[in-house]
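Just coords-v2.txt here, compact mmCIF, C-alpha atoms:
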# COMPACT_ATOMS: atom_id res chain seq x y z
CA MET A 1 93.37 127.35 96.44
CA THR A 2 94.16 129.00 99.78
CA GLU A 3 97.02 127.26 101.56
CA PRO A 4 96.03 126.25 105.10
CA ALA A 5 98.76 125.77 107.68
CA LEU A 6 100.46 122.39 107.83
CA THR A 7 99.74 120.20 110.84
CA ARG A 8 102.75 118.32 112.16
CA LEU A 9 102.35 114.57 112.63
CA ALA A 10 105.11 113.63 115.05
CA ALA A 11 107.37 110.68 114.34
CA ARG A 12 105.81 107.40 115.55
CA SER A 13 102.34 108.95 116.06
CA GLY A 14 98.91 108.79 114.45
CA ALA A 15 95.96 111.03 113.72
CA ALA A 16 92.49 110.77 112.23
CA MET A 17 90.23 113.30 110.61
CA ARG A 18 86.89 113.75 108.91
CA LEU A 19 87.20 114.57 105.23
CA ALA A 20 83.96 115.60 103.57
CA LYS A 21 83.25 114.62 99.97
CA GLY A 22 85.25 116.90 97.70
CA GLY A 23 87.75 117.79 100.40
CA SER A 24 91.42 116.97 99.99
CA LEU A 25 94.25 115.85 102.22
CA LYS A 26 97.87 116.75 101.47
CA ILE A 27 100.52 114.58 103.13
CA VAL A 28 104.03 116.00 103.10
CA ASN A 29 107.14 113.86 103.53
CA ILE A 30 109.19 116.59 105.22
CA HIS A 31 112.39 114.54 105.34
CA GLY A 32 111.61 112.34 102.33
CA SER A 33 112.30 109.10 104.17
CA GLN A 34 109.13 108.57 106.19
CA VAL A 35 106.34 106.10 105.40
CA VAL A 36 102.77 107.13 106.23
CA ASP A 37 100.18 104.40 106.63
CA CYS A 38 96.75 105.59 105.51
CA TRP A 39 93.26 104.20 106.01
CA ALA A 40 89.90 105.56 104.89
CA PHE A 41 86.39 104.59 105.95
CA ASN A 42 82.96 105.59 104.71
CA ALA A 43 81.96 108.15 107.35
CA ASP A 44 78.37 106.87 107.24
CA ASP A 45 79.26 103.18 107.53
CA LEU A 46 82.61 102.25 109.04
CA GLU A 47 82.22 98.69 107.76
CA GLU A 48 82.89 100.02 104.25
CA TRP A 49 86.55 100.92 103.96
CA MET A 50 89.27 101.65 101.43
CA SER A 51 90.48 98.25 100.23
CA MET A 52 93.81 97.57 98.56
CA PRO A 53 92.65 94.33 96.84
CA HIS A 54 89.58 96.03 95.39
CA THR A 55 91.70 99.03 94.37
CA ARG A 56 94.23 96.82 92.54
CA ASN A 57 91.34 95.14 90.76
CA ALA A 58 89.78 98.47 89.80
CA CYS A 59 92.92 100.10 88.40
CA ARG A 60 94.58 96.87 87.26
CA LYS A 61 97.81 98.01 88.88
CA LEU A 62 99.58 97.50 92.18
CA THR A 63 99.01 101.21 92.97
CA PRO A 64 96.72 103.77 91.32
CA ALA A 65 98.24 106.43 89.09
CA ILE A 66 97.50 110.15 89.41
CA GLY A 67 93.83 110.69 88.60
CA GLU A 68 92.84 107.18 89.64
CA SER A 69 90.89 106.26 92.74
CA PHE A 70 91.24 103.96 95.67
CA VAL A 71 87.99 102.07 96.09
CA THR A 72 86.14 100.53 99.00
CA THR A 73 85.12 97.01 99.87
CA LEU A 74 81.91 97.88 97.98
CA ARG A 75 83.99 98.93 94.93
CA ARG A 76 83.10 102.62 95.25
CA PRO A 77 85.75 105.35 94.85
CA ILE A 78 86.67 106.82 98.24
CA LEU A 79 90.01 108.64 97.70
CA THR A 80 91.47 109.84 94.41
CA LEU A 81 95.20 110.44 94.00
CA VAL A 82 95.11 113.95 92.56
CA GLU A 83 98.74 114.99 93.06
CA ASP A 84 101.98 113.16 93.74
CA THR A 85 105.33 114.93 93.51
CA SER A 86 107.22 111.76 94.53
CA PRO A 87 108.26 109.09 91.99
CA GLY A 88 104.95 107.36 92.78
CA VAL A 89 106.38 104.46 94.75
CA HIS A 90 103.83 103.47 97.38
CA ASP A 91 102.88 100.09 98.80
CA THR A 92 99.55 98.25 98.85
CA LEU A 93 100.89 94.78 99.72
CA ILE A 94 102.08 94.89 103.33
CA PRO A 95 99.89 95.13 106.44
CA CYS A 96 100.46 97.83 109.00
CA CYS A 97 102.93 97.01 111.76
CA ASP A 98 101.27 95.94 114.98
CA ALA A 99 102.01 94.64 118.45
CA ALA A 100 102.25 91.04 117.20
CA ARG A 101 104.76 91.99 114.51
CA TYR A 102 107.11 93.64 116.96
CA ARG A 103 106.65 90.88 119.53
CA ASP A 104 107.70 88.37 116.84
CA LEU A 105 110.73 90.54 116.04
CA GLY A 106 111.69 90.66 119.73
CA TYR A 107 110.43 94.18 120.47
CA GLU A 108 107.54 93.68 122.88
CA GLY A 109 105.55 96.87 123.44
CA HIS A 110 106.96 98.76 120.42
CA ALA A 111 104.92 101.68 119.06
CA ASN A 112 103.06 100.54 115.94
CA CYS A 113 100.78 101.73 113.17
CA ALA A 114 97.80 99.62 114.30
CA ASP A 115 97.75 101.35 117.68
CA ASN A 116 98.29 104.72 115.98
CA MET A 117 95.25 104.13 113.76
CA ALA A 118 93.19 103.12 116.79
CA ASP A 119 94.35 106.12 118.84
CA GLY A 120 93.54 108.44 115.95
CA LEU A 121 90.02 107.09 115.51
CA LYS A 122 89.39 107.32 119.25
CA THR A 123 90.04 111.08 119.10
CA LEU A 124 86.98 111.23 116.82
CA GLY A 125 84.93 109.16 119.26
CA ILE A 126 85.11 106.11 117.00
CA ASP A 127 85.50 102.61 118.38
CA PRO A 128 88.40 101.41 116.22
CA PRO A 129 87.92 98.30 114.07
CA PRO A 130 90.80 95.91 113.33
CA PRO A 131 93.01 97.74 110.84
CA PRO A 132 92.25 97.02 107.19
CA GLY A 133 95.22 96.60 104.88
CA PRO A 134 96.58 100.15 104.58
CA LEU A 135 97.84 102.32 101.78
CA ASN A 136 101.49 102.68 102.74
CA ILE A 137 102.34 106.07 101.28
CA PHE A 138 106.00 106.40 100.22
CA MET A 139 106.73 102.78 101.27
CA ASN A 140 109.11 101.03 98.88
CA ILE A 141 108.56 97.29 98.49
CA PRO A 142 110.14 96.20 95.20
CA ILE A 143 109.09 92.80 93.89
CA GLY A 144 111.91 90.55 92.69
CA PRO A 145 111.59 88.32 89.63
CA THR A 146 110.56 85.34 91.77
CA GLY A 147 107.97 87.30 93.72
CA ARG A 148 110.38 88.04 96.55
CA LEU A 149 109.45 91.23 98.42
CA GLU A 150 112.26 93.55 99.52
CA ILE A 151 111.89 96.20 102.22
CA VAL A 152 114.04 99.17 101.23
CA PRO A 153 114.11 102.92 101.92
CA PRO A 154 111.58 105.25 100.27
CA VAL A 155 112.65 106.94 97.04
CA SER A 156 110.77 110.13 97.87
CA ALA A 157 112.68 113.39 98.36
CA PRO A 158 112.36 115.89 101.22
CA GLY A 159 109.17 117.92 100.68
CA ASP A 160 107.52 115.41 98.36
CA TYR A 161 103.79 115.20 98.89
CA VAL A 162 100.64 113.45 97.78
CA VAL A 163 97.13 114.91 97.65
CA LEU A 164 94.12 112.63 98.10
CA ARG A 165 90.59 113.87 97.38
CA ALA A 166 87.58 112.34 99.11
CA GLU A 167 84.91 110.99 96.74
CA ILE A 168 82.50 110.30 99.60
CA ASP A 169 82.34 111.63 103.17
CA ALA A 170 85.27 109.82 104.73
CA ILE A 171 87.12 109.23 107.96
CA VAL A 172 90.86 109.12 107.25
CA ALA A 173 93.49 107.82 109.65
CA LEU A 174 97.24 108.34 109.27
CA SER A 175 100.24 106.86 111.03
CA ALA A 176 103.82 108.06 110.77
CA CYS A 177 105.20 104.51 110.81
CA PRO A 178 107.28 103.85 113.96
CA HIS A 179 109.36 101.10 112.33
CA ASP A 180 113.02 101.46 113.33
CA ILE A 181 114.35 97.93 112.80
CA PHE A 182 114.34 97.47 109.01
CA PRO A 183 115.03 100.42 106.64
CA VAL A 184 111.31 101.03 106.06
CA ASN A 185 111.72 104.66 107.10
CA GLY A 186 115.06 105.40 105.47
CA ALA A 187 118.49 103.79 105.42
CA ASP A 188 119.10 104.93 109.00
CA ALA A 189 115.82 103.32 110.16
CA THR A 190 114.83 106.49 111.97
CA PRO A 191 111.16 107.52 112.14
CA ARG A 192 110.65 111.20 111.47
CA ASP A 193 107.86 113.80 111.50
CA VAL A 194 105.61 114.36 108.52
CA ALA A 195 102.91 116.99 108.01
CA TYR A 196 99.45 117.22 106.53
CA THR A 197 96.88 119.78 105.50
CA LEU A 198 93.16 119.51 104.92
CA TYR A 199 91.48 121.45 102.12
CA PRO A 200 87.72 121.73 102.50
CA ALA A 201 85.56 120.85 99.53
CA ALA A 202 84.83 124.50 98.75
CA ASP A 203 88.51 125.35 98.47
CA SER A 204 89.23 122.28 96.38
CA ALA A 205 86.62 123.38 93.89
CA GLU A 206 88.19 126.80 93.29
CA MET B 207 97.95 57.97 104.05
CA THR B 208 94.58 56.45 103.20
CA GLU B 209 93.03 58.14 100.18
CA PRO B 210 89.48 59.30 100.95
CA ALA B 211 87.05 59.78 98.09
CA LEU B 212 87.14 63.09 96.25
CA THR B 213 84.20 65.43 96.74
CA ARG B 214 83.09 67.22 93.59
CA LEU B 215 82.76 71.01 93.83
CA ALA B 216 80.52 71.93 90.90
CA ALA B 217 81.45 74.75 88.57
CA ARG B 218 80.31 78.14 89.95
CA SER B 219 79.56 76.76 93.44
CA GLY B 220 81.01 77.00 96.93
CA ALA B 221 81.49 74.85 100.00
CA ALA B 222 82.83 75.19 103.52
CA MET B 223 84.23 72.69 105.98
CA ARG B 224 85.75 72.33 109.40
CA LEU B 225 89.40 71.35 109.33
CA ALA B 226 90.86 70.38 112.69
CA LYS B 227 94.46 71.23 113.53
CA GLY B 228 96.73 68.77 111.74
CA GLY B 229 94.13 67.90 109.15
CA SER B 230 94.74 68.56 105.47
CA LEU B 231 92.70 69.65 102.49
CA LYS B 232 93.59 68.58 98.95
CA ILE B 233 92.16 70.70 96.13
CA VAL B 234 92.30 69.14 92.69
CA ASN B 235 92.11 71.16 89.49
CA ILE B 236 90.43 68.42 87.46
CA HIS B 237 90.55 70.34 84.19
CA GLY B 238 93.60 72.46 85.02
CA SER B 239 91.92 75.73 84.11
CA GLN B 240 89.77 76.46 87.15
CA VAL B 241 90.52 79.02 89.87
CA VAL B 242 89.48 78.17 93.43
CA ASP B 243 89.06 81.03 95.91
CA CYS B 244 89.97 79.92 99.41
CA TRP B 245 89.35 81.49 102.83
CA ALA B 246 90.24 80.22 106.29
CA PHE B 247 89.05 81.36 109.69
CA ASN B 248 90.08 80.46 113.22
CA ALA B 249 87.29 78.03 114.20
CA ASP B 250 87.28 79.46 117.72
CA ASP B 251 87.19 83.13 116.68
CA LEU B 252 85.88 83.96 113.23
CA GLU B 253 87.29 87.49 113.55
CA GLU B 254 90.76 86.00 113.11
CA TRP B 255 91.21 84.95 109.50
CA MET B 256 93.83 84.01 106.94
CA SER B 257 95.23 87.31 105.67
CA MET B 258 97.07 87.78 102.41
CA PRO B 259 98.87 90.99 103.51
CA HIS B 260 100.10 89.36 106.72
CA THR B 261 101.10 86.25 104.78
CA ARG B 262 103.13 88.28 102.26
CA ASN B 263 104.84 90.02 105.17
CA ALA B 264 105.59 86.70 106.90
CA CYS B 265 107.07 84.89 103.89
CA ARG B 266 108.44 88.02 102.17
CA LYS B 267 106.92 86.80 98.93
CA LEU B 268 103.74 87.35 96.97
CA THR B 269 102.78 83.71 97.64
CA PRO B 270 104.19 81.17 100.11
CA ALA B 271 106.39 78.37 98.79
CA ILE B 272 105.89 74.70 99.67
CA GLY B 273 106.49 74.27 103.39
CA GLU B 274 105.54 77.87 104.20
CA SER B 275 102.39 78.99 105.96
CA PHE B 276 99.57 81.40 105.35
CA VAL B 277 99.09 83.42 108.52
CA THR B 278 96.16 85.15 110.15
CA THR B 279 95.37 88.75 110.98
CA LEU B 280 97.07 87.95 114.32
CA ARG B 281 100.17 86.69 112.43
CA ARG B 282 99.66 83.03 113.44
CA PRO B 283 100.06 80.20 110.94
CA ILE B 284 96.68 78.81 109.91
CA LEU B 285 97.30 76.84 106.67
CA THR B 286 100.61 75.46 105.42
CA LEU B 287 101.17 74.68 101.75
CA VAL B 288 102.46 71.13 102.05
CA GLU B 289 102.10 69.96 98.43
CA ASP B 290 101.66 71.69 95.09
CA THR B 291 101.99 69.77 91.84
CA SER B 292 101.20 72.90 89.78
CA PRO B 293 103.89 75.42 88.77
CA GLY B 294 102.99 77.32 91.96
CA VAL B 295 101.23 80.24 90.32
CA HIS B 296 98.52 81.44 92.69
CA ASP B 297 97.19 84.92 93.43
CA THR B 298 97.05 86.88 96.68
CA LEU B 299 96.39 90.33 95.17
CA ILE B 300 92.85 90.31 93.80
CA PRO B 301 89.60 90.28 95.83
CA CYS B 302 86.97 87.65 95.24
CA CYS B 303 84.39 88.49 92.61
CA ASP B 304 81.13 89.75 94.05
CA ALA B 305 77.77 91.15 93.07
CA ALA B 306 79.16 94.68 92.76
CA ARG B 307 81.95 93.53 90.45
CA TYR B 308 79.55 91.87 88.02
CA ARG B 309 77.09 94.76 88.25
CA ASP B 310 79.94 97.11 87.24
CA LEU B 311 80.78 94.77 84.34
CA GLY B 312 77.13 94.78 83.21
CA TYR B 313 76.19 91.34 84.56
CA GLU B 314 73.67 92.05 87.31
CA GLY B 315 72.87 88.97 89.40
CA HIS B 316 75.86 86.92 88.20
CA ALA B 317 77.01 84.03 90.43
CA ASN B 318 80.06 85.11 92.39
CA CYS B 319 82.68 83.91 94.86
CA ALA B 320 81.48 86.18 97.68
CA ASP B 321 78.03 84.59 97.62
CA ASN B 322 79.62 81.14 97.30
CA MET B 323 81.69 81.76 100.43
CA ALA B 324 78.63 82.97 102.30
CA ASP B 325 76.53 80.03 101.16
CA GLY B 326 79.26 77.61 102.20
CA LEU B 327 79.58 79.09 105.67
CA LYS B 328 75.81 79.04 106.13
CA THR B 329 75.83 75.25 105.64
CA LEU B 330 77.96 75.14 108.81
CA GLY B 331 75.52 77.39 110.65
CA ILE B 332 77.89 80.34 110.47
CA ASP B 333 76.68 83.88 109.88
CA PRO B 334 79.03 84.86 107.04
CA PRO B 335 81.28 87.90 107.51
CA PRO B 336 82.26 90.14 104.58
CA PRO B 337 84.78 88.11 102.56
CA PRO B 338 88.40 88.73 103.50
CA GLY B 339 90.89 88.94 100.63
CA PRO B 340 91.10 85.33 99.43
CA LEU B 341 93.89 83.01 98.41
CA ASN B 342 93.09 82.53 94.73
CA ILE B 343 94.44 79.06 94.08
CA PHE B 344 95.67 78.53 90.48
CA MET B 345 94.81 82.16 89.57
CA ASN B 346 97.39 83.71 87.25
CA ILE B 347 97.89 87.46 87.67
CA PRO B 348 101.31 88.34 86.23
CA ILE B 349 102.69 91.73 87.22
CA GLY B 350 104.11 93.81 84.39
CA PRO B 351 107.26 95.92 84.76
CA THR B 352 105.21 99.03 85.56
CA GLY B 353 103.04 97.24 88.14
CA ARG B 354 100.31 96.53 85.60
CA LEU B 355 98.25 93.46 86.54
CA GLU B 356 97.21 91.08 83.80
CA ILE B 357 94.38 88.55 84.11
CA VAL B 358 95.35 85.46 82.14
CA PRO B 359 94.53 81.74 82.18
CA PRO B 360 95.94 79.45 84.87
CA VAL B 361 99.16 77.59 84.04
CA SER B 362 98.10 74.52 86.00
CA ALA B 363 97.57 71.20 84.20
CA PRO B 364 94.60 68.82 84.48
CA GLY B 365 94.91 66.91 87.75
CA ASP B 366 97.23 69.40 89.43
CA TYR B 367 96.52 69.77 93.11
CA VAL B 368 97.55 71.60 96.25
CA VAL B 369 97.44 70.28 99.80
CA LEU B 370 96.94 72.71 102.69
CA ARG B 371 97.44 71.58 106.30
CA ALA B 372 95.63 73.30 109.16
CA GLU B 373 97.90 74.67 111.89
CA ILE B 374 94.96 75.57 114.13
CA ASP B 375 91.34 74.39 114.17
CA ALA B 376 90.01 76.14 111.09
CA ILE B 377 86.90 76.78 109.04
CA VAL B 378 87.79 76.71 105.35
CA ALA B 379 85.57 78.00 102.54
CA LEU B 380 86.11 77.32 98.85
CA SER B 381 84.57 78.74 95.71
CA ALA B 382 84.96 77.38 92.19
CA CYS B 383 85.13 80.86 90.68
CA PRO B 384 82.12 81.57 88.41
CA HIS B 385 83.96 84.18 86.32
CA ASP B 386 83.14 83.69 82.63
CA ILE B 387 83.88 87.14 81.19
CA PHE B 388 87.68 87.45 81.38
CA PRO B 389 89.95 84.39 80.91
CA VAL B 390 90.33 83.90 84.68
CA ASN B 391 89.16 80.30 84.36
CA GLY B 392 90.91 79.35 81.13
CA ALA B 393 91.20 80.82 77.67
CA ASP B 394 87.61 79.80 76.92
CA ALA B 395 86.36 81.60 80.05
CA THR B 396 84.38 78.54 81.08
CA PRO B 397 83.98 77.66 84.78
CA ARG B 398 84.48 73.97 85.47
CA ASP B 399 84.18 71.50 88.35
CA VAL B 400 87.03 70.92 90.76
CA ALA B 401 87.31 68.39 93.59
CA TYR B 402 88.60 68.24 97.13
CA THR B 403 89.41 65.75 99.84
CA LEU B 404 89.81 66.16 103.58
CA TYR B 405 92.41 64.17 105.47
CA PRO B 406 91.83 64.06 109.22
CA ALA B 407 94.72 64.91 111.50
CA ALA B 408 95.30 61.27 112.41
CA ASP B 409 95.74 60.28 108.76
CA SER B 410 97.95 63.26 108.05
CA ALA B 411 100.29 62.18 110.81
CA GLU B 412 100.87 58.67 109.40
Please lay out the structure from this file as structure tokens.
Amino acid sequence: MTEPALTRLAARSGAAMRLAKGGSLKIVNIHGSQVVDCWAFNADDLEEWMSMPHTRNACRKLTPAIGESFVTTLRRPILTLVEDTSPGVHDTLIPCCDAARYRDLGYEGHANCADNMADGLKTLGIDPPPPPGPLNIFMNIPIGPTGRLEIVPPVSAPGDYVVLRAEIDAIVALSACPHDIFPVNGADATPRDVAYTLYPAADSAE
Amino acid sequence: MTEPALTRLAARSGAAMRLAKGGSLKIVNIHGSQVVDCWAFNADDLEEWMSMPHTRNACRKLTPAIGESFVTTLRRPILTLVEDTSPGVHDTLIPCCDAARYRDLGYEGHANCADNMADGLKTLGIDPPPPPGPLNIFMNIPIGPTGRLEIVPPVSAPGDYVVLRAEIDAIVALSACPHDIFPVNGADATPRDVAYTLYPAADSAE
């Protein structure tokens, strides 16, 4: 596989991209501590999107393992986790941060993943829908014995990456989570840059 | 509180109702083994609905405790769990069953919770949206140490009930889950009737 250049996704920002069936997306946690919210939509019907409840049902796990797929609201595979150099700790339980969340926390007007998703989709000329529940790549939400959810720093290391392969023509949106209040993005609660690369279908098939 | 008559919700069927702010809904597991999928929408804006991811974020648990609220996609309380005589095992992780799920399992045309929700909303003259991730009342989905999700019978006893109080004017839909393949609805995988009662706001305030 040829190695295309990495695209920097600046701390606190979002991006969206078209990913044709068979193409892959590599997301690199440059500093190891950054959460990346990820959404995927059927490029031919934006009302069909990657769904965490349907994915949990399909794989019978909280998060798919390598080789398993995230599925849509219509229970069709949309993204397959083909590589993951991190310990595999990602979150499917928590919604993306949004204006209401920060307002409730006392931070009116804070940058947030919902706006990042919307801004990313707008760059593709897409009128953004309300954000579906995201795949929170590298996010570490351990579940206590009583069902208590903790919010703790990622366990990924600098340079860890995941590769997701599109199983249908997809629109993918990413947000380098701007959270800087709880230790979502590392013990120092400091959002940082990540990077990504797209591999076209032809390259992926080499 | 006056005790209105129970309304029977037949095995495998759905219903929907308007629940004004302050009103309560009691859902009775007559046989103890039946799962009831539950959805709630802002009566004034059906695009705002009870969201399991936002609820988990708000209560920092997989499922709210007694006295805690389920919140909407806009992070506003919509239903509060005011009573629960069961051991409190409910599910917020799994989507409702739908036509695609049963087709994948080899049961084309099987009754399902998605259709039940839609049918219920239609009785109120509402054009049903795609089903949001439901609150699966009495559903027992233990999480294994590796994040594996099991599907096992409810731990509720015959006559156990929950009471949910509306915090805003709401539309609530219920489905007595028709699943009869896995032991979702008891070890004998047999869907059974449940019952419900509505308490108007005035009664709830007594």
For chain A, work out the contacting residues on chain B at 8 Å, counting all atoms listed in the file, and write them as a list in words.
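Within 8 Å of chain A on chain B, we get Pro259, His260, Arg262, Asn263, Arg266, Lys267, Leu268, Thr269, Leu280, Arg281, Leu299, Ile300, Pro301, Ala306, Arg307, Gly339, Gly353, Arg354, Leu355 and Glu356 of chain B.
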What does the structure give for the distance between atom CA of A:Glu167 and atom CA of A:Ala201, in Å to one decimal?
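We find that atom CA of A:Glu167 and atom CA of A:Ala201 lie 10.3 Å from each other.
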Just to confirm, what's the straight-line distance from atom CA of B:Thr329 to atom CA of B:Arg224 in Å (one decimal)?
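One can read the atom CA of B:Thr329 to atom CA of B:Arg224 distance as 11.0 Å.
If you look at atom CA of A:Thr7 and atom CA of A:Asn42, they are 23.1 Å away from each other.
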Leaving out stretch 289-292 of chain B and any residue of its chain fewer than 4 positions from it, which residues lie within 12 Å of it when counting all atoms listed in the file, given as a PDB file with C-alpha atoms, in the coordinates of the input?
ATOM      1  CA  SER B 230      94.740  68.560 105.470  1.00  0.00           C
ATOM      2  CA  LEU B 231      92.700  69.650 102.490  1.00  0.00           C
ATOM      3  CA  LYS B 232      93.590  68.580  98.950  1.00  0.00           C
ATOM      4  CA  ILE B 233      92.160  70.700  96.130  1.00  0.00           C
ATOM      5  CA  VAL B 234      92.300  69.140  92.690  1.00  0.00           C
ATOM      6  CA  ASN B 235      92.110  71.160  89.490  1.00  0.00           C
ATOM      7  CA  ILE B 236      90.430  68.420  87.460  1.00  0.00           C
ATOM      8  CA  GLY B 238      93.600  72.460  85.020  1.00  0.00           C
ATOM      9  CA  SER B 239      91.920  75.730  84.110  1.00  0.00           C
ATOM     10  CA  PRO B 270     104.190  81.170 100.110  1.00  0.00           C
ATOM     11  CA  ALA B 271     106.390  78.370  98.790  1.00  0.00           C
ATOM     12  CA  ILE B 272     105.890  74.700  99.670  1.00  0.00           C
ATOM     13  CA  GLY B 273     106.490  74.270 103.390  1.00  0.00           C
ATOM     14  CA  GLU B 274     105.540  77.870 104.200  1.00  0.00           C
ATOM     15  CA  SER B 275     102.390  78.990 105.960  1.00  0.00           C
ATOM     16  CA  LEU B 285      97.300  76.840 106.670  1.00  0.00           C
ATOM     17  CA  HIS B 296      98.520  81.440  92.690  1.00  0.00           C
ATOM     18  CA  ILE B 343      94.440  79.060  94.080  1.00  0.00           C
ATOM     19  CA  PHE B 344      95.670  78.530  90.480  1.00  0.00           C
ATOM     20  CA  MET B 345      94.810  82.160  89.570  1.00  0.00           C
ATOM     21  CA  ASN B 346      97.390  83.710  87.250  1.00  0.00           C
ATOM     22  CA  PRO B 360      95.940  79.450  84.870  1.00  0.00           C
ATOM     23  CA  VAL B 361      99.160  77.590  84.040  1.00  0.00           C
ATOM     24  CA  SER B 362      98.100  74.520  86.000  1.00  0.00           C
ATOM     25  CA  ALA B 363      97.570  71.200  84.200  1.00  0.00           C
ATOM     26  CA  PRO B 364      94.600  68.820  84.480  1.00  0.00           C
ATOM     27  CA  GLY B 365      94.910  66.910  87.750  1.00  0.00           C
ATOM     28  CA  ASP B 366      97.230  69.400  89.430  1.00  0.00           C
ATOM     29  CA  TYR B 367      96.520  69.770  93.110  1.00  0.00           C
ATOM     30  CA  VAL B 368      97.550  71.600  96.250  1.00  0.00           C
ATOM     31  CA  VAL B 369      97.440  70.280  99.800  1.00  0.00           C
ATOM     32  CA  LEU B 370      96.940  72.710 102.690  1.00  0.00           C
ATOM     33  CA  ARG B 371      97.440  71.580 106.300  1.00  0.00           C
TER      34      ARG B 371
END
Set the distance at 12 Å and use all atoms listed in the file: which residues neighbour B:Ile332 once local chain neighbours fewer than 3 positions away are removed? I'd like the list as a list in words.
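Near B:Ile332, the qualifying residues are Ala222, Met223, Arg224, Phe247, Ala249, Asp250, Asp251, Leu252, Met323, Ala324, Asp325, Gly326, Leu327, Lys328, Thr329, Pro335, Ile377, Val378 and Ala379 of chain B.
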Using only C-alpha atoms, please write the residues we just selected to a file, as a PDB file, in the coordinates of the input.
ATOM      1  CA  ALA B 222      82.830  75.190 103.520  1.00  0.00           C
ATOM      2  CA  MET B 223      84.230  72.690 105.980  1.00  0.00           C
ATOM      3  CA  ARG B 224      85.750  72.330 109.400  1.00  0.00           C
ATOM      4  CA  PHE B 247      89.050  81.360 109.690  1.00  0.00           C
ATOM      5  CA  ALA B 249      87.290  78.030 114.200  1.00  0.00           C
ATOM      6  CA  ASP B 250      87.280  79.460 117.720  1.00  0.00           C
ATOM      7  CA  ASP B 251      87.190  83.130 116.680  1.00  0.00           C
ATOM      8  CA  LEU B 252      85.880  83.960 113.230  1.00  0.00           C
ATOM      9  CA  MET B 323      81.690  81.760 100.430  1.00  0.00           C
ATOM     10  CA  ALA B 324      78.630  82.970 102.300  1.00  0.00           C
ATOM     11  CA  ASP B 325      76.530  80.030 101.160  1.00  0.00           C
ATOM     12  CA  GLY B 326      79.260  77.610 102.200  1.00  0.00           C
ATOM     13  CA  LEU B 327      79.580  79.090 105.670  1.00  0.00           C
ATOM     14  CA  LYS B 328      75.810  79.040 106.130  1.00  0.00           C
ATOM     15  CA  THR B 329      75.830  75.250 105.640  1.00  0.00           C
ATOM     16  CA  PRO B 335      81.280  87.900 107.510  1.00  0.00           C
ATOM     17  CA  ILE B 377      86.900  76.780 109.040  1.00  0.00           C
ATOM     18  CA  VAL B 378      87.790  76.710 105.350  1.00  0.00           C
ATOM     19  CA  ALA B 379      85.570  78.000 102.540  1.00  0.00           C
TER      20      ALA B 379
END
Kindly indicate which residue among A:Val35, A:Ala5, A:Leu105, A:Ala40 lies nearest to A:Val89, using all atoms listed in the file for the distances.
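Smallest separation from A:Val89 among the options: A:Val35.
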Do you know which residues are at most 12 Å from B:Tyr308 counting only C-alpha atoms, after dropping those on the same chain fewer than 4 positions away, and could you put them as a list in words?
Leu74 and Arg75 of chain A; Cys302, Cys303, Asp304, Gly312, Tyr313, Glu314, Gly315, His316, Ala317, Asn318, Cys319, Ala320, Pro384, His385, Asp386, Ile387 and Phe388 of chain B
